[in-house]
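K.L.:
my_file.txt is the file, holding compact mmCIF, C-alpha atoms:
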```txt
# COMPACT_ATOMS: atom_id res chain seq x y z
CA MET A 1 99.75 109.64 166.44
CA GLY A 2 97.59 107.35 168.54
CA GLU A 3 95.88 104.09 167.63
CA ASP A 4 93.38 105.11 164.93
CA PRO A 5 92.81 101.89 162.91
CA ALA A 6 92.19 103.67 159.60
CA SER A 7 95.37 105.73 159.99
CA GLN A 8 97.37 102.58 160.68
CA VAL A 9 96.06 101.01 157.47
CA TYR A 10 96.85 104.12 155.42
CA VAL A 11 100.38 104.37 156.81
CA ARG A 12 101.07 100.70 156.12
CA ASN A 13 99.82 101.09 152.55
CA LYS A 14 102.21 104.00 152.09
CA GLU A 15 105.07 101.92 153.46
CA ILE A 16 104.25 99.12 151.00
CA ALA A 17 104.13 101.62 148.12
CA CYS A 18 107.52 103.05 149.09
CA GLU A 19 108.99 99.54 149.19
CA ALA A 20 107.52 98.77 145.76
CA CYS A 21 108.97 101.99 144.28
CA GLY A 22 112.37 101.69 145.94
CA ILE A 23 111.79 104.82 148.03
CA TYR A 24 113.48 104.90 151.44
CA SER A 25 110.99 105.67 154.20
CA GLU A 26 110.90 106.15 157.96
CA LYS A 27 107.84 105.75 160.18
CA TYR A 28 107.39 107.45 163.54
CA ALA A 29 104.43 105.91 165.37
CA LEU A 30 103.91 108.29 168.27
CA PRO A 31 101.75 107.57 171.32
CA GLU A 32 98.57 109.61 171.61
CA GLU A 33 99.86 111.48 174.67
CA THR A 34 102.81 112.92 172.70
CA THR A 35 102.84 116.68 173.21
CA GLN A 36 102.61 119.23 170.43
CA GLU A 37 106.10 120.45 171.32
CA GLU A 38 107.51 116.94 170.90
CA LEU A 39 105.83 116.55 167.54
CA LEU A 40 107.10 119.94 166.37
CA SER A 41 110.61 119.00 167.48
CA LEU A 42 110.46 115.82 165.38
CA ILE A 43 109.24 117.76 162.34
CA ASP A 44 112.07 120.26 162.79
CA THR A 45 114.58 117.42 162.90
CA LEU A 46 113.18 115.92 159.70
CA ASN A 47 113.09 119.33 158.00
CA LYS A 48 116.85 119.51 158.53
CA LYS A 49 117.56 115.87 157.63
CA SER A 50 119.08 115.81 154.14
CA SER A 51 118.24 112.13 153.56
CA ILE A 52 114.50 112.89 153.90
CA SER A 53 112.87 114.56 150.88
CA GLY A 54 109.24 114.41 151.97
CA ILE A 55 107.37 114.67 155.27
CA LEU A 56 103.73 113.95 156.06
CA VAL A 57 101.83 113.79 159.31
CA GLN A 58 99.01 111.27 159.07
CA LEU A 59 95.72 113.02 159.84
CA PRO A 60 93.67 113.22 161.95
CA VAL A 61 95.83 114.12 164.94
CA PRO A 62 94.59 113.90 168.56
CA LYS A 63 92.44 116.79 169.80
CA HIS A 64 95.21 118.33 171.93
CA ILE A 65 97.31 118.90 168.79
CA ASP A 66 96.64 121.95 166.60
CA GLU A 67 96.54 120.58 163.06
CA GLU A 68 97.20 123.94 161.40
CA THR A 69 100.31 124.55 163.51
CA ILE A 70 101.67 121.12 162.60
CA ILE A 71 101.07 121.55 158.86
CA ASN A 72 102.65 125.01 158.92
CA ALA A 73 105.76 123.57 160.60
CA ILE A 74 106.59 121.30 157.67
CA ASP A 75 109.11 122.72 155.19
CA PRO A 76 107.00 123.58 152.09
CA LYS A 77 109.64 121.94 149.89
CA LYS A 78 109.15 118.69 151.83
CA ASP A 79 105.36 118.98 152.11
CA VAL A 80 104.39 116.00 149.95
CA ASP A 81 100.77 116.22 151.11
CA ALA A 82 100.67 119.80 149.72
CA PHE A 83 98.72 121.11 152.70
CA HIS A 84 101.09 123.95 153.66
CA PRO A 85 99.60 127.42 152.93
CA ILE A 86 102.45 128.19 150.53
CA ASN A 87 101.69 125.12 148.45
CA VAL A 88 97.94 125.79 148.66
CA GLY A 89 98.54 129.32 147.35
CA LYS A 90 100.66 128.01 144.48
CA ILE A 91 97.80 125.73 143.44
CA MET A 92 95.48 128.74 143.38
CA VAL A 93 97.69 130.64 140.93
CA GLY A 94 98.59 127.54 138.91
CA ASN A 95 102.35 127.60 139.58
CA TYR A 96 102.78 124.60 141.86
CA ASP A 97 105.34 121.92 142.66
CA PHE A 98 103.02 119.65 144.65
CA VAL A 99 99.30 118.93 144.48
CA PRO A 100 97.30 117.24 147.26
CA CYS A 101 97.43 113.55 146.46
CA THR A 102 93.73 112.78 146.13
CA PRO A 103 92.85 115.64 143.72
CA ALA A 104 96.02 114.82 141.77
CA GLY A 105 94.86 111.21 141.54
CA VAL A 106 91.46 112.30 140.24
CA MET A 107 93.09 114.39 137.53
CA GLU A 108 95.34 111.49 136.55
CA LEU A 109 92.32 109.17 136.25
CA ILE A 110 90.59 111.72 134.02
CA LYS A 111 93.70 112.14 131.87
CA GLU A 112 94.43 108.42 131.48
CA SER A 113 90.79 107.79 130.54
CA GLY A 114 91.14 110.19 127.62
CA ILE A 115 88.55 112.62 129.01
CA ASP A 116 88.98 116.26 127.95
CA VAL A 117 88.05 118.64 130.78
CA SER A 118 88.13 121.78 128.64
CA GLY A 119 84.70 123.38 128.32
CA LYS A 120 82.98 120.70 130.40
CA GLU A 121 80.58 121.40 133.25
CA CYS A 122 82.41 120.16 136.35
CA VAL A 123 80.69 119.88 139.72
CA VAL A 124 82.66 119.19 142.91
CA VAL A 125 80.52 118.18 145.89
CA GLY A 126 82.66 118.97 148.94
CA ARG A 127 84.67 122.00 150.01
CA SER A 128 87.45 120.63 152.20
CA ASN A 129 90.95 122.09 152.03
CA ILE A 130 92.28 118.59 151.34
CA VAL A 131 90.07 117.62 148.39
CA GLY A 132 87.18 119.89 147.38
CA LYS A 133 88.89 123.26 147.04
CA PRO A 134 92.11 122.07 145.33
CA GLN A 135 90.07 119.75 143.10
CA ALA A 136 88.05 122.69 141.85
CA MET A 137 91.22 124.65 141.10
CA LEU A 138 92.80 121.78 139.16
CA LEU A 139 89.69 121.37 137.02
CA LEU A 140 89.62 125.12 136.45
CA HIS A 141 93.27 125.05 135.33
CA GLN A 142 92.20 122.50 132.70
CA ASN A 143 89.56 124.97 131.45
CA GLY A 144 86.62 123.23 133.06
CA THR A 145 83.61 125.31 134.13
CA VAL A 146 83.53 124.53 137.83
CA THR A 147 80.75 124.65 140.42
CA ILE A 148 81.55 123.87 144.06
CA CYS A 149 78.69 122.39 146.06
CA HIS A 150 78.42 120.94 149.55
CA SER A 151 76.00 119.32 151.97
CA ARG A 152 74.13 122.61 152.51
CA THR A 153 73.75 123.54 148.86
CA LYS A 154 70.10 124.23 148.02
CA ASN A 155 68.64 122.26 145.12
CA LEU A 156 71.82 120.17 144.97
CA ALA A 157 70.37 117.64 142.52
CA GLU A 158 69.76 120.41 139.98
CA LYS A 159 73.45 121.31 140.14
CA THR A 160 74.76 117.75 139.97
CA ARG A 161 72.50 116.85 137.03
CA ASN A 162 74.27 119.54 135.00
CA ALA A 163 77.68 117.94 135.52
CA ASP A 164 79.60 116.35 132.67
CA ILE A 165 82.22 115.52 135.31
CA LEU A 166 81.02 114.98 138.88
CA VAL A 167 83.46 114.63 141.78
CA ALA A 168 81.87 113.49 145.05
CA ALA A 169 83.92 114.34 148.14
CA VAL A 170 81.34 115.24 150.79
CA GLY A 171 82.03 112.43 153.26
CA ILE A 172 78.44 111.14 153.52
CA PRO A 173 77.73 107.48 152.60
CA ASN A 174 75.73 107.01 149.37
CA PHE A 175 74.87 110.72 149.32
CA ILE A 176 74.75 111.02 145.53
CA LYS A 177 71.97 108.91 144.02
CA GLY A 178 71.60 107.82 140.41
CA ASP A 179 68.75 110.28 139.79
CA MET A 180 71.14 113.13 140.69
CA ILE A 181 73.49 112.26 137.83
CA LYS A 182 73.37 113.36 134.20
CA GLU A 183 73.08 110.62 131.59
CA GLY A 184 76.59 109.88 130.27
CA ALA A 185 78.43 111.78 133.00
CA VAL A 186 81.84 110.89 134.39
CA VAL A 187 81.50 110.21 138.13
CA ILE A 188 84.51 110.12 140.44
CA ASP A 189 83.81 109.01 144.00
CA VAL A 190 86.40 110.26 146.49
CA GLY A 191 84.43 109.21 149.57
CA ILE A 192 85.33 106.20 151.66
CA ASN A 193 82.91 105.34 154.46
CA ARG A 194 82.58 102.24 156.63
CA MET A 195 79.02 100.96 157.00
CA GLU A 196 77.55 99.29 160.08
CA ASN A 197 78.07 95.89 158.43
CA GLY A 198 81.79 96.63 158.11
CA LYS A 199 81.75 97.10 154.34
CA LEU A 200 83.17 100.18 152.64
CA CYS A 201 81.14 102.47 150.45
CA GLY A 202 81.64 105.79 148.76
CA ASP A 203 79.71 109.05 148.66
CA VAL A 204 77.94 107.82 145.51
CA GLU A 205 75.31 105.09 145.52
CA PHE A 206 77.16 102.91 143.04
CA GLU A 207 74.31 100.56 142.10
CA THR A 208 72.05 103.34 140.85
CA ALA A 209 74.82 105.62 139.57
CA GLU A 210 76.50 103.08 137.29
CA LYS A 211 73.25 102.70 135.33
CA VAL A 212 73.41 106.38 134.36
CA ALA A 213 77.09 107.29 134.26
CA ASP A 214 79.35 106.72 131.26
CA ALA A 215 82.29 106.11 133.61
CA ILE A 216 82.45 105.70 137.38
CA THR A 217 85.08 104.82 139.97
CA PRO A 218 84.45 102.05 142.52
CA VAL A 219 84.96 102.18 146.28
CA PRO A 220 87.27 100.70 147.35
CA GLY A 221 89.79 100.40 144.52
CA GLY A 222 89.19 103.62 142.60
CA VAL A 223 90.63 106.89 143.87
CA GLY A 224 92.36 105.35 146.91
CA PRO A 225 95.23 103.62 145.07
CA MET A 226 95.68 106.75 142.94
CA THR A 227 96.12 108.84 146.09
CA ILE A 228 99.05 106.70 147.20
CA ALA A 229 100.52 106.69 143.67
CA MET A 230 100.44 110.50 143.63
CA LEU A 231 102.16 110.58 147.03
CA MET A 232 104.99 108.60 145.49
CA ARG A 233 105.13 111.05 142.57
CA ASN A 234 105.20 114.03 144.94
CA THR A 235 108.04 112.40 146.86
CA VAL A 236 110.12 111.98 143.71
CA LYS A 237 109.41 115.64 142.82
CA ALA A 238 110.46 116.65 146.33
CA ALA A 239 113.73 114.77 145.98
CA ILE A 240 114.42 116.75 142.79
CA VAL A 241 113.37 120.11 144.33
CA ASN A 242 115.49 119.54 147.45
CA ASN A 243 118.60 118.54 145.52
```
Can you dump the structure from the file as structure tokens?

P.N.:
Amino acid sequence: MGEDPASQVYVRNKEIACEACGIYSEKYALPEETTQEELLSLIDTLNKKSSISGILVQLPVPKHIDEETIINAIDPKKDVDAFHPINVGKIMVGNYDFVPCTPAGVMELIKESGIDVSGKECVVVGRSNIVGKPQAMLLLHQNGTVTICHSRTKNLAEKTRNADILVAAVGIPNFIKGDMIKEGAVVIDVGINRMENGKLCGDVEFETAEKVADAITPVPGGVGPMTIAMLMRNTVKAAIVNN
């Protein structure tokens, strides 16, 4: 909804990914003044549409729209963002169909890099429902010892320096410095922030962090492409679940 430039880029990238995978997609670009009732009506239509396996509403939505109400309106079996409370609860107990795309992408990066989570000290900086909380649960399911931190955590550097695996998802540019990272740690930077000069940066100060870390993801080009790849995977799963 609306004209948010970042949202337009994200939606276009998802369209391109669908085209590349051979997944049929529909886009509904709604004007900002669209009412909540109109949006809910569209979601209801798509819930009932058998040719559509997955539904997502690109966030953020305008202030007059209640985000929670919109997420709750999506059929959990078509909730490819995995934000619906039913899907969130399934992640908590470890019996899930869909995982939020960004945490899923982080886990796939860890797996493909041959990194064993079991027994490792894992620190997640960030507590959002979209990334931080589900990320912690996924690491826990892999037998990691997980600490959740955030921008108000006291003595944060002491916590992050204990991490064998550090996931930064706090939404503050260059928040994690190299001296906050354990020698040889795996650092995954979920943040994507636009600086005053127009360049993108993550939540980790890459220049200082890469001198300490054994492995680190760049911004852009690290977690972002994985997020879209996991959306495609969730969509295929949804097609199977719904048929």

K.L.:
Taking 4 positions as the minimum chain separation for residues in the same chain, which residues sit within 12 Å of Ile172 (chain A) when counting all atoms listed in the file? Answer as a ChimeraX atom specification.

P.N.:
/A:125-126,150-151,168,176-177,189-195,200-205

K.L.:
Once you have the residues from the selection above, write them out as an mmCIF file, keeping the file's coordinate frame, restricted to C-alpha atoms.

P.N.:
```cif
data_model
loop_
_atom_site.group_PDB
_atom_site.id
_atom_site.type_symbol
_atom_site.label_atom_id
_atom_site.label_comp_id
_atom_site.auth_asym_id
_atom_site.auth_seq_id
_atom_site.Cartn_x
_atom_site.Cartn_y
_atom_site.Cartn_z
ATOM 1 C CA VAL A 125 80.520 118.180 145.890
ATOM 2 C CA GLY A 126 82.660 118.970 148.940
ATOM 3 C CA HIS A 150 78.420 120.940 149.550
ATOM 4 C CA SER A 151 76.000 119.320 151.970
ATOM 5 C CA ALA A 168 81.870 113.490 145.050
ATOM 6 C CA ILE A 176 74.750 111.020 145.530
ATOM 7 C CA LYS A 177 71.970 108.910 144.020
ATOM 8 C CA ASP A 189 83.810 109.010 144.000
ATOM 9 C CA VAL A 190 86.400 110.260 146.490
ATOM 10 C CA GLY A 191 84.430 109.210 149.570
ATOM 11 C CA ILE A 192 85.330 106.200 151.660
ATOM 12 C CA ASN A 193 82.910 105.340 154.460
ATOM 13 C CA ARG A 194 82.580 102.240 156.630
ATOM 14 C CA MET A 195 79.020 100.960 157.000
ATOM 15 C CA LEU A 200 83.170 100.180 152.640
ATOM 16 C CA CYS A 201 81.140 102.470 150.450
ATOM 17 C CA GLY A 202 81.640 105.790 148.760
ATOM 18 C CA ASP A 203 79.710 109.050 148.660
ATOM 19 C CA VAL A 204 77.940 107.820 145.510
ATOM 20 C CA GLU A 205 75.310 105.090 145.520
#
```

K.L.:
Give as a ChimeraX atom specification each residue that has an atom at most 12 Å from (95.0, 104.1, 163.3) in the file, counting only C-alpha atoms.

P.N.:
/A:1-12,29-32,58-62

K.L.:
Using C-alpha atoms, can you export the residues from the last selection as a PDB file, in the coordinates of the input?

P.N.:
```
ATOM      1  CA  MET A   1      99.750 109.640 166.440  1.00  0.00           C
ATOM      2  CA  GLY A   2      97.590 107.350 168.540  1.00  0.00           C
ATOM      3  CA  GLU A   3      95.880 104.090 167.630  1.00  0.00           C
ATOM      4  CA  ASP A   4      93.380 105.110 164.930  1.00  0.00           C
ATOM      5  CA  PRO A   5      92.810 101.890 162.910  1.00  0.00           C
ATOM      6  CA  ALA A   6      92.190 103.670 159.600  1.00  0.00           C
ATOM      7  CA  SER A   7      95.370 105.730 159.990  1.00  0.00           C
ATOM      8  CA  GLN A   8      97.370 102.580 160.680  1.00  0.00           C
ATOM      9  CA  VAL A   9      96.060 101.010 157.470  1.00  0.00           C
ATOM     10  CA  TYR A  10      96.850 104.120 155.420  1.00  0.00           C
ATOM     11  CA  VAL A  11     100.380 104.370 156.810  1.00  0.00           C
ATOM     12  CA  ARG A  12     101.070 100.700 156.120  1.00  0.00           C
ATOM     13  CA  ALA A  29     104.430 105.910 165.370  1.00  0.00           C
ATOM     14  CA  LEU A  30     103.910 108.290 168.270  1.00  0.00           C
ATOM     15  CA  PRO A  31     101.750 107.570 171.320  1.00  0.00           C
ATOM     16  CA  GLU A  32      98.570 109.610 171.610  1.00  0.00           C
ATOM     17  CA  GLN A  58      99.010 111.270 159.070  1.00  0.00           C
ATOM     18  CA  LEU A  59      95.720 113.020 159.840  1.00  0.00           C
ATOM     19  CA  PRO A  60      93.670 113.220 161.950  1.00  0.00           C
ATOM     20  CA  VAL A  61      95.830 114.120 164.940  1.00  0.00           C
ATOM     21  CA  PRO A  62      94.590 113.900 168.560  1.00  0.00           C
TER      22      PRO A  62
END
```

K.L.:
What's the separation between CA of Pro220 (chain A) and CA of Pro100 (chain A), in Å to one decimal place?

P.N.:
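Atom-to-atom, CA of Pro220 (chain A) and CA of Pro100 (chain A) are spaced 19.3 Å apart.
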
K.L.:
In Å, with one decimal, what is the gap from CA of Gly222 (chain A) to CA of Ile130 (chain A)?

P.N.:
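According to the coordinates, CA of Gly222 (chain A) and CA of Ile130 (chain A) are separated by 17.6 Å.
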
K.L.:
Given the choices A:Glu26, A:Leu56, A:Phe98, A:Gly89, which gets closest to Asn234 (chain A) if the distance is worked out from all atoms listed in the file?

P.N.:
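Among the listed residues, the smallest separation from Asn234 (chain A) belongs to A:Phe98.
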
K.L.:
Using all atoms listed in the file, which residues sit within 12 Å of Leu109 (chain A) once same-chain residues fewer than 6 positions away are excluded, as a ChimeraX atom specification?

P.N.:
/A:102-103,115-117,165,167,186-190,215-217,222-227,229-230

K.L.:
Name all residues at most 8 Å from Gln36 (chain A) (count only C-alpha atoms; drop same-chain ones fewer than 5 positions away) and give them as number ranges by chain.

P.N.:
A: 64-66

K.L.:
Between A:Gly54, A:Pro76, A:Pro85, A:Gly198, which is the closest to Pro134 (chain A) once you count all atoms listed in the file?

P.N.:
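So, comparing all the options, the nearest one is A:Pro85.
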
K.L.:
Calculate, to one decimal in Å, the centre and edge lengths of the box along x, y and z of the file that holds all listed atoms of region 30-38 of chain A with 4 Å of margin on each side, and present them as JSON.

P.N.:
```
{"center_x": 103.0, "center_y": 114.0, "center_z": 171.5, "size_x": 16.9, "size_y": 20.9, "size_z": 14.4}
```
